[in-house]
Structure formats: C-alpha cells, structure tokens
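Printed here is final-v7.pdb (PDB, C-alpha atoms):
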ATOM      1  CA  MET A 107     -66.119  47.119 -24.198
ATOM      2  CA  THR A 108     -65.315  48.982 -21.015
ATOM      3  CA  LEU A 109     -65.038  52.741 -21.529
ATOM      4  CA  LEU A 110     -61.889  52.845 -19.427
ATOM      5  CA  THR A 111     -59.823  51.363 -22.277
ATOM      6  CA  PRO A 112     -60.571  54.091 -24.886
ATOM      7  CA  LEU A 113     -60.280  56.770 -22.189
ATOM      8  CA  LEU A 114     -56.777  55.617 -21.209
ATOM      9  CA  SER A 115     -55.816  54.990 -24.842
ATOM     10  CA  GLY A 116     -56.796  58.522 -25.853
ATOM     11  CA  PHE A 117     -55.094  59.971 -22.776
ATOM     12  CA  ILE A 118     -51.794  58.143 -23.358
ATOM     13  CA  ALA A 119     -51.792  58.830 -27.118
ATOM     14  CA  ALA A 120     -52.369  62.543 -26.521
ATOM     15  CA  PHE A 121     -49.764  62.785 -23.782
ATOM     16  CA  ILE A 122     -47.136  61.104 -25.983
ATOM     17  CA  GLY A 123     -48.050  63.377 -28.883
ATOM     18  CA  ILE A 124     -47.890  66.641 -26.904
ATOM     19  CA  ILE A 125     -45.152  66.094 -24.300
ATOM     20  CA  PRO A 126     -42.086  66.335 -26.645
ATOM     21  CA  PRO A 127     -40.837  69.951 -26.757
ATOM     22  CA  GLY A 128     -42.598  71.792 -29.563
ATOM     23  CA  LEU A 129     -44.066  75.131 -30.568
ATOM     24  CA  ILE A 130     -47.327  74.806 -28.624
ATOM     25  CA  ASN A 131     -46.056  73.510 -25.293
ATOM     26  CA  MET A 132     -42.966  75.739 -25.284
ATOM     27  CA  THR A 133     -45.147  78.771 -26.041
ATOM     28  CA  ALA A 134     -47.406  77.826 -23.129
ATOM     29  CA  ALA A 135     -44.362  77.608 -20.855
ATOM     30  CA  LYS A 136     -43.007  80.973 -22.006
ATOM     31  CA  ILE A 137     -46.356  82.699 -21.538
ATOM     32  CA  ASN A 138     -46.473  81.320 -18.003
ATOM     33  CA  LEU A 139     -42.994  82.634 -17.227
ATOM     34  CA  LYS A 140     -43.603  86.071 -18.739
ATOM     35  CA  GLU A 141     -47.294  86.761 -18.205
ATOM     36  CA  GLY A 142     -48.421  84.419 -15.458
ATOM     37  CA  LYS A 143     -50.286  81.157 -15.081
ATOM     38  CA  LYS A 144     -53.758  82.485 -15.964
ATOM     39  CA  ASN A 145     -52.759  83.655 -19.431
ATOM     40  CA  ALA A 146     -50.886  80.397 -20.028
ATOM     41  CA  LEU A 147     -53.966  78.372 -19.057
ATOM     42  CA  TRP A 148     -56.141  80.398 -21.431
ATOM     43  CA  PHE A 149     -53.605  79.633 -24.162
ATOM     44  CA  ALA A 150     -53.831  75.913 -23.275
ATOM     45  CA  PHE A 151     -57.666  76.016 -23.338
ATOM     46  CA  GLY A 152     -57.581  77.480 -26.845
ATOM     47  CA  ALA A 153     -55.099  74.870 -28.054
ATOM     48  CA  VAL A 154     -57.034  71.974 -26.511
ATOM     49  CA  LEU A 155     -60.329  73.170 -28.025
ATOM     50  CA  VAL A 156     -58.848  72.840 -31.510
ATOM     51  CA  ILE A 157     -57.315  69.470 -30.609
ATOM     52  CA  LEU A 158     -60.811  68.259 -29.651
ATOM     53  CA  PHE A 159     -62.064  68.956 -33.183
ATOM     54  CA  GLN A 160     -58.911  67.505 -34.755
ATOM     55  CA  VAL A 161     -59.238  64.219 -32.841
ATOM     56  CA  SER A 162     -62.965  63.983 -33.649
ATOM     57  CA  LEU A 163     -62.240  64.536 -37.349
ATOM     58  CA  ALA A 164     -59.409  61.989 -37.276
ATOM     59  CA  VAL A 165     -61.666  59.324 -35.750
ATOM     60  CA  LEU A 166     -64.290  59.968 -38.441
ATOM     61  CA  PHE A 167     -61.625  59.461 -41.108
ATOM     62  CA  ALA A 168     -60.456  56.321 -39.319
ATOM     63  CA  GLN A 169     -64.021  54.965 -39.216
ATOM     64  CA  VAL A 170     -64.255  55.216 -43.022
ATOM     65  CA  ILE A 171     -60.793  53.722 -43.506
ATOM     66  CA  ASP A 172     -61.532  50.866 -41.079
ATOM     67  CA  ASN A 173     -63.990  49.409 -43.610
ATOM     68  CA  ARG A 174     -61.137  49.025 -46.100
ATOM     69  CA  PRO A 175     -58.871  46.139 -44.985
ATOM     70  CA  ASP A 176     -56.238  47.036 -47.592
ATOM     71  CA  VAL A 177     -56.023  50.619 -46.324
ATOM     72  CA  VAL A 178     -55.936  49.424 -42.709
ATOM     73  CA  THR A 179     -52.965  47.182 -43.529
ATOM     74  CA  LEU A 180     -51.213  50.079 -45.254
ATOM     75  CA  LEU A 181     -51.834  52.317 -42.224
ATOM     76  CA  ARG A 182     -50.390  49.674 -39.894
ATOM     77  CA  GLU A 183     -47.233  49.665 -41.987
ATOM     78  CA  VAL A 184     -47.139  53.473 -42.053
ATOM     79  CA  GLY A 185     -47.735  53.496 -38.295
ATOM     80  CA  PHE A 186     -44.867  51.071 -37.754
ATOM     81  CA  VAL A 187     -42.526  53.304 -39.772
ATOM     82  CA  ILE A 188     -43.647  56.431 -37.878
ATOM     83  CA  PHE A 189     -43.246  54.855 -34.435
ATOM     84  CA  ALA A 190     -39.901  53.311 -35.427
ATOM     85  CA  ILE A 191     -38.630  56.714 -36.584
ATOM     86  CA  LEU A 192     -39.874  58.321 -33.356
ATOM     87  CA  THR A 193     -38.107  55.618 -31.340
ATOM     88  CA  ILE A 194     -34.809  56.167 -33.150
ATOM     89  CA  TYR A 195     -35.188  59.930 -32.826
ATOM     90  CA  PHE A 196     -35.914  60.015 -29.095
ATOM     91  CA  LEU A 197     -33.386  57.329 -28.132
ATOM     92  CA  PHE A 198     -30.461  58.248 -30.371
ATOM     93  CA  ILE A 199     -30.900  61.637 -32.058
ATOM     94  CA  ALA A 200     -32.855  64.015 -29.799
ATOM     95  CA  LYS A 201     -30.651  66.484 -27.993
ATOM     96  CA  ASP A 202     -31.277  68.542 -24.900
ATOM     97  CA  PRO A 203     -32.845  71.886 -25.779
ATOM     98  CA  LYS A 204     -30.527  74.853 -25.436
ATOM     99  CA  THR A 205     -31.559  77.565 -23.039
ATOM    100  CA  LYS A 206     -32.171  80.916 -24.658
ATOM    101  CA  LYS A 207     -31.774  84.364 -23.231
ATOM    102  CA  LYS A 208     -34.956  85.707 -21.749
ATOM    103  CA  SER A 209     -36.680  88.343 -23.828
ATOM    104  CA  LYS A 210     -39.377  90.774 -22.826
ATOM    105  CA  ILE A 211     -42.907  89.929 -23.889
ATOM    106  CA  LYS A 212     -45.691  92.466 -23.737
ATOM    107  CA  LYS A 213     -48.552  91.705 -21.397
ATOM    108  CA  SER A 214     -51.509  90.377 -23.384
ATOM    109  CA  SER A 215     -55.151  89.740 -22.554
ATOM    110  CA  LYS A 216     -56.592  86.341 -21.729
ATOM    111  CA  LYS A 217     -58.746  86.500 -24.863
ATOM    112  CA  SER A 218     -55.768  87.119 -27.146
ATOM    113  CA  ARG A 219     -53.880  84.200 -25.570
ATOM    114  CA  PHE A 220     -56.911  81.944 -25.979
ATOM    115  CA  PHE A 221     -57.087  82.725 -29.694
ATOM    116  CA  LEU A 222     -53.301  82.404 -30.027
ATOM    117  CA  GLY A 223     -53.625  78.877 -28.606
ATOM    118  CA  MET A 224     -56.349  78.107 -31.152
ATOM    119  CA  LEU A 225     -54.251  79.560 -33.984
ATOM    120  CA  LEU A 226     -51.045  77.661 -33.214
ATOM    121  CA  SER A 227     -52.971  74.443 -32.619
ATOM    122  CA  GLY A 228     -54.922  74.912 -35.845
ATOM    123  CA  LEU A 229     -51.707  75.390 -37.817
ATOM    124  CA  ASN A 230     -50.466  72.031 -36.541
ATOM    125  CA  PHE A 231     -51.897  69.350 -38.845
ATOM    126  CA  PHE A 232     -49.944  66.474 -37.274
ATOM    127  CA  PRO A 233     -52.738  65.400 -34.842
ATOM    128  CA  ILE A 234     -55.155  64.364 -37.623
ATOM    129  CA  PRO A 235     -52.974  61.679 -39.328
ATOM    130  CA  TYR A 236     -51.534  60.771 -35.916
ATOM    131  CA  TYR A 237     -54.934  59.971 -34.402
ATOM    132  CA  VAL A 238     -56.098  58.227 -37.571
ATOM    133  CA  VAL A 239     -53.161  55.815 -37.238
ATOM    134  CA  VAL A 240     -53.670  55.452 -33.469
ATOM    135  CA  SER A 241     -57.407  54.729 -33.635
ATOM    136  CA  VAL A 242     -57.082  52.286 -36.559
ATOM    137  CA  THR A 243     -54.206  50.512 -34.791
ATOM    138  CA  LEU A 244     -56.199  50.254 -31.549
ATOM    139  CA  ALA A 245     -59.185  48.926 -33.492
ATOM    140  CA  SER A 246     -56.992  46.240 -35.073
ATOM    141  CA  TYR A 247     -56.118  45.059 -31.539
ATOM    142  CA  HIS A 248     -59.811  45.173 -30.523
ATOM    143  CA  LEU A 249     -59.043  47.940 -28.024
ATOM    144  CA  PHE A 250     -61.289  50.418 -29.812
ATOM    145  CA  VAL A 251     -64.596  50.235 -31.675
ATOM    146  CA  PHE A 252     -66.303  52.915 -33.727
ATOM    147  CA  GLU A 253     -69.335  53.392 -31.496
ATOM    148  CA  ASN A 254     -70.533  56.796 -30.325
ATOM    149  CA  ASN A 255     -69.895  56.260 -26.609
ATOM    150  CA  VAL A 256     -66.443  54.777 -27.234
ATOM    151  CA  ILE A 257     -65.513  57.558 -29.669
ATOM    152  CA  PHE A 258     -66.674  60.209 -27.190
ATOM    153  CA  THR A 259     -64.625  58.596 -24.413
ATOM    154  CA  PHE A 260     -61.530  58.341 -26.620
ATOM    155  CA  VAL A 261     -61.833  62.020 -27.620
ATOM    156  CA  LEU A 262     -62.333  62.966 -23.968
ATOM    157  CA  GLY A 263     -59.202  61.045 -22.996
ATOM    158  CA  SER A 264     -57.264  62.783 -25.773
ATOM    159  CA  VAL A 265     -58.397  66.208 -24.576
ATOM    160  CA  LEU A 266     -57.472  65.404 -20.967
ATOM    161  CA  GLY A 267     -54.077  64.013 -21.999
ATOM    162  CA  SER A 268     -53.338  67.059 -24.163
ATOM    163  CA  PHE A 269     -54.298  69.462 -21.392
ATOM    164  CA  LEU A 270     -52.237  67.593 -18.792
ATOM    165  CA  ALA A 271     -49.178  67.659 -21.060
ATOM    166  CA  LEU A 272     -49.560  71.410 -21.615
ATOM    167  CA  TYR A 273     -50.222  71.983 -17.918
ATOM    168  CA  SER A 274     -47.026  70.083 -17.098
ATOM    169  CA  TYR A 275     -45.051  72.611 -19.135
ATOM    170  CA  ILE A 276     -46.924  75.504 -17.539
ATOM    171  CA  ALA A 277     -46.518  74.260 -13.979
ATOM    172  CA  PHE A 278     -43.069  72.695 -14.030
ATOM    173  CA  PHE A 279     -41.049  74.332 -16.817
ATOM    174  CA  GLY A 280     -39.425  76.785 -14.414
ATOM    175  CA  ARG A 281     -38.030  73.880 -12.393
ATOM    176  CA  ILE A 282     -37.263  71.773 -15.451
ATOM    177  CA  GLU A 283     -35.339  74.652 -16.988
ATOM    178  CA  LYS A 284     -32.821  74.493 -14.138
ATOM    179  CA  LYS A 285     -32.255  70.757 -14.609
ATOM    180  CA  THR A 286     -32.810  70.456 -18.339
ATOM    181  CA  ASP A 287     -29.880  68.146 -18.986
ATOM    182  CA  TYR A 288     -31.002  65.401 -16.588
ATOM    183  CA  LEU A 289     -34.782  65.557 -16.981
ATOM    184  CA  MET A 290     -34.986  65.991 -20.744
ATOM    185  CA  ARG A 291     -32.563  63.136 -21.336
ATOM    186  CA  ASN A 292     -34.773  60.842 -19.270
ATOM    187  CA  MET A 293     -37.923  62.151 -20.950
ATOM    188  CA  ASN A 294     -36.525  61.242 -24.366
ATOM    189  CA  THR A 295     -35.647  57.745 -23.107
ATOM    190  CA  ILE A 296     -39.126  57.176 -21.675
ATOM    191  CA  ILE A 297     -40.900  58.375 -24.824
ATOM    192  CA  GLY A 298     -38.511  56.412 -27.044
ATOM    193  CA  SER A 299     -39.113  53.246 -25.007
ATOM    194  CA  ILE A 300     -42.894  53.631 -25.284
ATOM    195  CA  THR A 301     -42.822  54.232 -29.048
ATOM    196  CA  GLY A 302     -40.364  51.330 -29.371
ATOM    197  CA  LEU A 303     -42.776  48.943 -27.662
ATOM    198  CA  ILE A 304     -45.617  50.194 -29.868
ATOM    199  CA  SER A 305     -43.538  49.730 -33.032
ATOM    200  CA  ILE A 306     -42.573  46.175 -31.991
ATOM    201  CA  ALA A 307     -46.219  45.294 -31.283
ATOM    202  CA  THR A 308     -47.248  46.796 -34.632
ATOM    203  CA  LEU A 309     -44.519  44.841 -36.438
ATOM    204  CA  PHE A 310     -45.762  41.572 -34.905
ATOM    205  CA  ASN A 311     -49.287  42.483 -35.987
ATOM    206  CA  ILE A 312     -48.114  43.089 -39.563
ATOM    207  CA  LEU A 313     -46.129  39.836 -39.672
ATOM    208  CA  SER A 314     -49.060  37.850 -38.277
ATOM    209  CA  TYR A 315     -51.277  39.344 -40.992
ATOM    210  CA  TYR A 316     -48.954  38.243 -43.786
ATOM    211  CA  PHE A 317     -47.661  34.958 -42.360
ATOM    212  CA  GLY A 318     -50.225  33.992 -39.739
TER     213      GLY A 318
END
Mind turning this structure into structure tokens?
Amino acid sequence: MTLLTPLLSGFIAAFIGIIPPGLINMTAAKINLKEGKKNALWFAFGAVLVILFQVSLAVLFAQVIDNRPDVVTLLREVGFVIFAILTIYFLFIAKDPKTKKKSKIKKSSKKSRFFLGMLLSGLNFFPIPYYVVVSVTLASYHLFVFENNVIFTFVLGSVLGSFLALYSYIAFFGRIEKKTDYLMRNMNTIIGSITGLISIATLFNILSYYFG
C-alpha cells in the first residue's frame, strides 16, 4: 500500500473534524486577534500534541476492533448514522455564527497558551471515537492497514490536517469575520457535501455486506 493514501486520509479526516467552528479553533482565533500570532501558534501546538496521542490511541482501539467482524459491522452502521447526522446538520441546520463584542484579554505567556491548548484539546474526547470509526471504515475499503508504517503515516496526516485547520482560523479569521455570512454558509455546504458522500458510500458498504 502506498503511504500517500493513509497520509491523505488522515489529513482529510482531521481537517473535516477540526474545521467546523468549535471551542478549540475559535479560541485559537481569539488568541491571535488579542495576543498575536505567536501565542496563537503555541496554543495550536499544544492542542495538536494532544491530538497526536488521541489519534494514536484511537488507531490502537481500531486495530483490536478490526479483528471482530461483528463489531466492525456495528461501527460501520454507527459511522453511517454519525456522518448522516453531520450531513443534515451542516446542510440544513447549521447557522452562521453571530459576532460578539470584543472583550479585553490579558496578555499571557507562550507557555501558558501551549498548556491551555493541551488542556482544551484533552477535554475534547470526540477525536478518539471519531478516528476509531474513520480508521475502521478506511480499513473496510482496503484504504488502510494496521501496519506500523501505515499507522505512523495516518497519524502524521491527522496531525498535519489538524494543524492546518487551526492555522486557517489563526491566519484568516480576521478576514472571515468581515464576511462571515457568505464564507461560513459555503463552508457548511462543502463539509455537508463531503460527509454526505461518505455516508452514501458507507450505506452502500453496509447494504453490500447484508445483501451482497
């Protein structure tokens, strides 16, 4: 298996998981606006370091689960439900975030922002089940195998994708904030379309398992 496939798979999965507005990426954007880019990057480094361990742990869980065909089938069905819900949310429910009045934030050290990134990322348990479902689903399509070099490449791709998503908020949030209505509406459509395609592919995989 070429290592490019798990690298891109990890990158895309991470980018999709991080890019929707949430506590971590919005905090990174606010730190950039209030304290500067360096502190925001240190925050991102702390968050990504924890994500590295979370993805590694998730793949280890997935490797154990992959030896249980019944559990794999259940996870495919759970994955289909999750991606279907995400599709409905981003295409039909998600609203543009409301702009809030700017508040003063005290200047903090790089070290404190690094540990804040680790703390907020550590409090977010979503990546572990998310990457378990992603890696098992990819394995079912023969796009991922549980070998050390492939796992390392997948984790590397996930780290790069997570950092790029956070960096996007750090670098471009000031511009996005001025055109929130247009850009965020399109972002929701893009993410919803991607998760929709994944849910359709997963549904076909489930149907082929039962009726193929």
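This file gives the following result for the PyMOL selection byres ((chain A and resi 139) around 10): Thr133, Ala134, Ala135, Lys136, Ile137, Asn138, Lys140, Glu141, Gly142, Lys143, Ala146, Lys208, Ile211, Ile276, Ala277, Phe279 and Gly280 of chain A.
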Using 6 Å of padding on each side, determine the axis-aligned box around all atoms of stretch 251-266 of chain A present in the file and give its centre and edge lengths in Å to one decimal, as AutoDock Vina command-line options.
--center_x -63.9 --center_y 58.2 --center_z -27.3 --size_x 25.3 --size_y 28.0 --size_z 24.8
Report the residues retrieved by the PyMOL selection byres ((chain A and resi 251-266) around 7) from the displayed file, expressed as number ranges by chain. A: 109, 112-117, 119-120, 154, 157-158, 161-162, 169, 245, 250, 267-270
For the PyMOL selection byres ((chain A and resi 168) around 12), applied here, can you spell out every residue it catches as a PyMOL selection string? chain A and resi 161-167+169-175+177-178+181+234-246+250-252+257
Exercise: A:Ser215 partners within 8 Å, all atoms listed in the file, chain neighbours under 3 positions left out, as a list in words: Asn145, Ser218 and Arg219 of chain A
With C-alpha atoms retained, export the selected residues as a compact mmCIF listing (two decimals), keeping the file's coordinate frame.
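Produced file selection.txt, reproduced below:
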# COMPACT_ATOMS: atom_id res chain seq x y z
CA ASN A 145 -52.76 83.66 -19.43
CA SER A 218 -55.77 87.12 -27.15
CA ARG A 219 -53.88 84.20 -25.57
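Here atom CA of A:Ala150 is placed at a distance of 8.5 Å from atom CA of A:Ile130.
The nearest approach to A:Asn131 among the residues A:Phe159, A:Phe221, A:Tyr195, A:Tyr273, with all atoms listed in the file taken into account, belongs to A:Tyr273.
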Contacts of A:Leu229 at 12 Å or less, counting all atoms listed in the file, minus same-chain residues fewer than 3 places along, as a PDB file with C-alpha atoms, in the frame of the given file?
ATOM      1  CA  LEU A 129     -44.066  75.131 -30.568  1.00  0.00           C
ATOM      2  CA  ILE A 130     -47.327  74.806 -28.624  1.00  0.00           C
ATOM      3  CA  ALA A 153     -55.099  74.870 -28.054  1.00  0.00           C
ATOM      4  CA  VAL A 156     -58.848  72.840 -31.510  1.00  0.00           C
ATOM      5  CA  ILE A 157     -57.315  69.470 -30.609  1.00  0.00           C
ATOM      6  CA  GLN A 160     -58.911  67.505 -34.755  1.00  0.00           C
ATOM      7  CA  LEU A 222     -53.301  82.404 -30.027  1.00  0.00           C
ATOM      8  CA  GLY A 223     -53.625  78.877 -28.606  1.00  0.00           C
ATOM      9  CA  MET A 224     -56.349  78.107 -31.152  1.00  0.00           C
ATOM     10  CA  LEU A 225     -54.251  79.560 -33.984  1.00  0.00           C
ATOM     11  CA  LEU A 226     -51.045  77.661 -33.214  1.00  0.00           C
ATOM     12  CA  PHE A 232     -49.944  66.474 -37.274  1.00  0.00           C
ATOM     13  CA  PRO A 233     -52.738  65.400 -34.842  1.00  0.00           C
ATOM     14  CA  ILE A 234     -55.155  64.364 -37.623  1.00  0.00           C
TER      15      ILE A 234
END
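In this structure, atom CA of A:Pro126 sits 12.4 Å away from atom CA of A:Thr301.
Here atom CA of A:Ile122 and atom CA of A:Leu192 stand 10.7 Å from one another.
For the choices A:Ile300, A:Leu147, A:Leu155, A:Ala307, the atom-to-atom distance to A:Phe121 is smallest for A:Ile300 when using all atoms listed in the file.
Once A:Ser305 and its same-chain neighbours fewer than 5 positions away are set aside, Gly185, Phe186, Val187, Phe189 and Ala190 of chain A remain within 8 Å of it when counting all atoms listed in the file.
Of the residues under consideration (A:Phe317, A:Leu303, A:Thr308, A:Lys144), A:Thr308 shows the shortest atom-to-atom contact distance to A:Leu180 when counting all atoms listed in the file.
Using all atoms listed in the file, the smallest distance between any of A:Gly228, A:Thr295, A:Ser274, A:Leu249 and A:Thr108 comes from A:Leu249.
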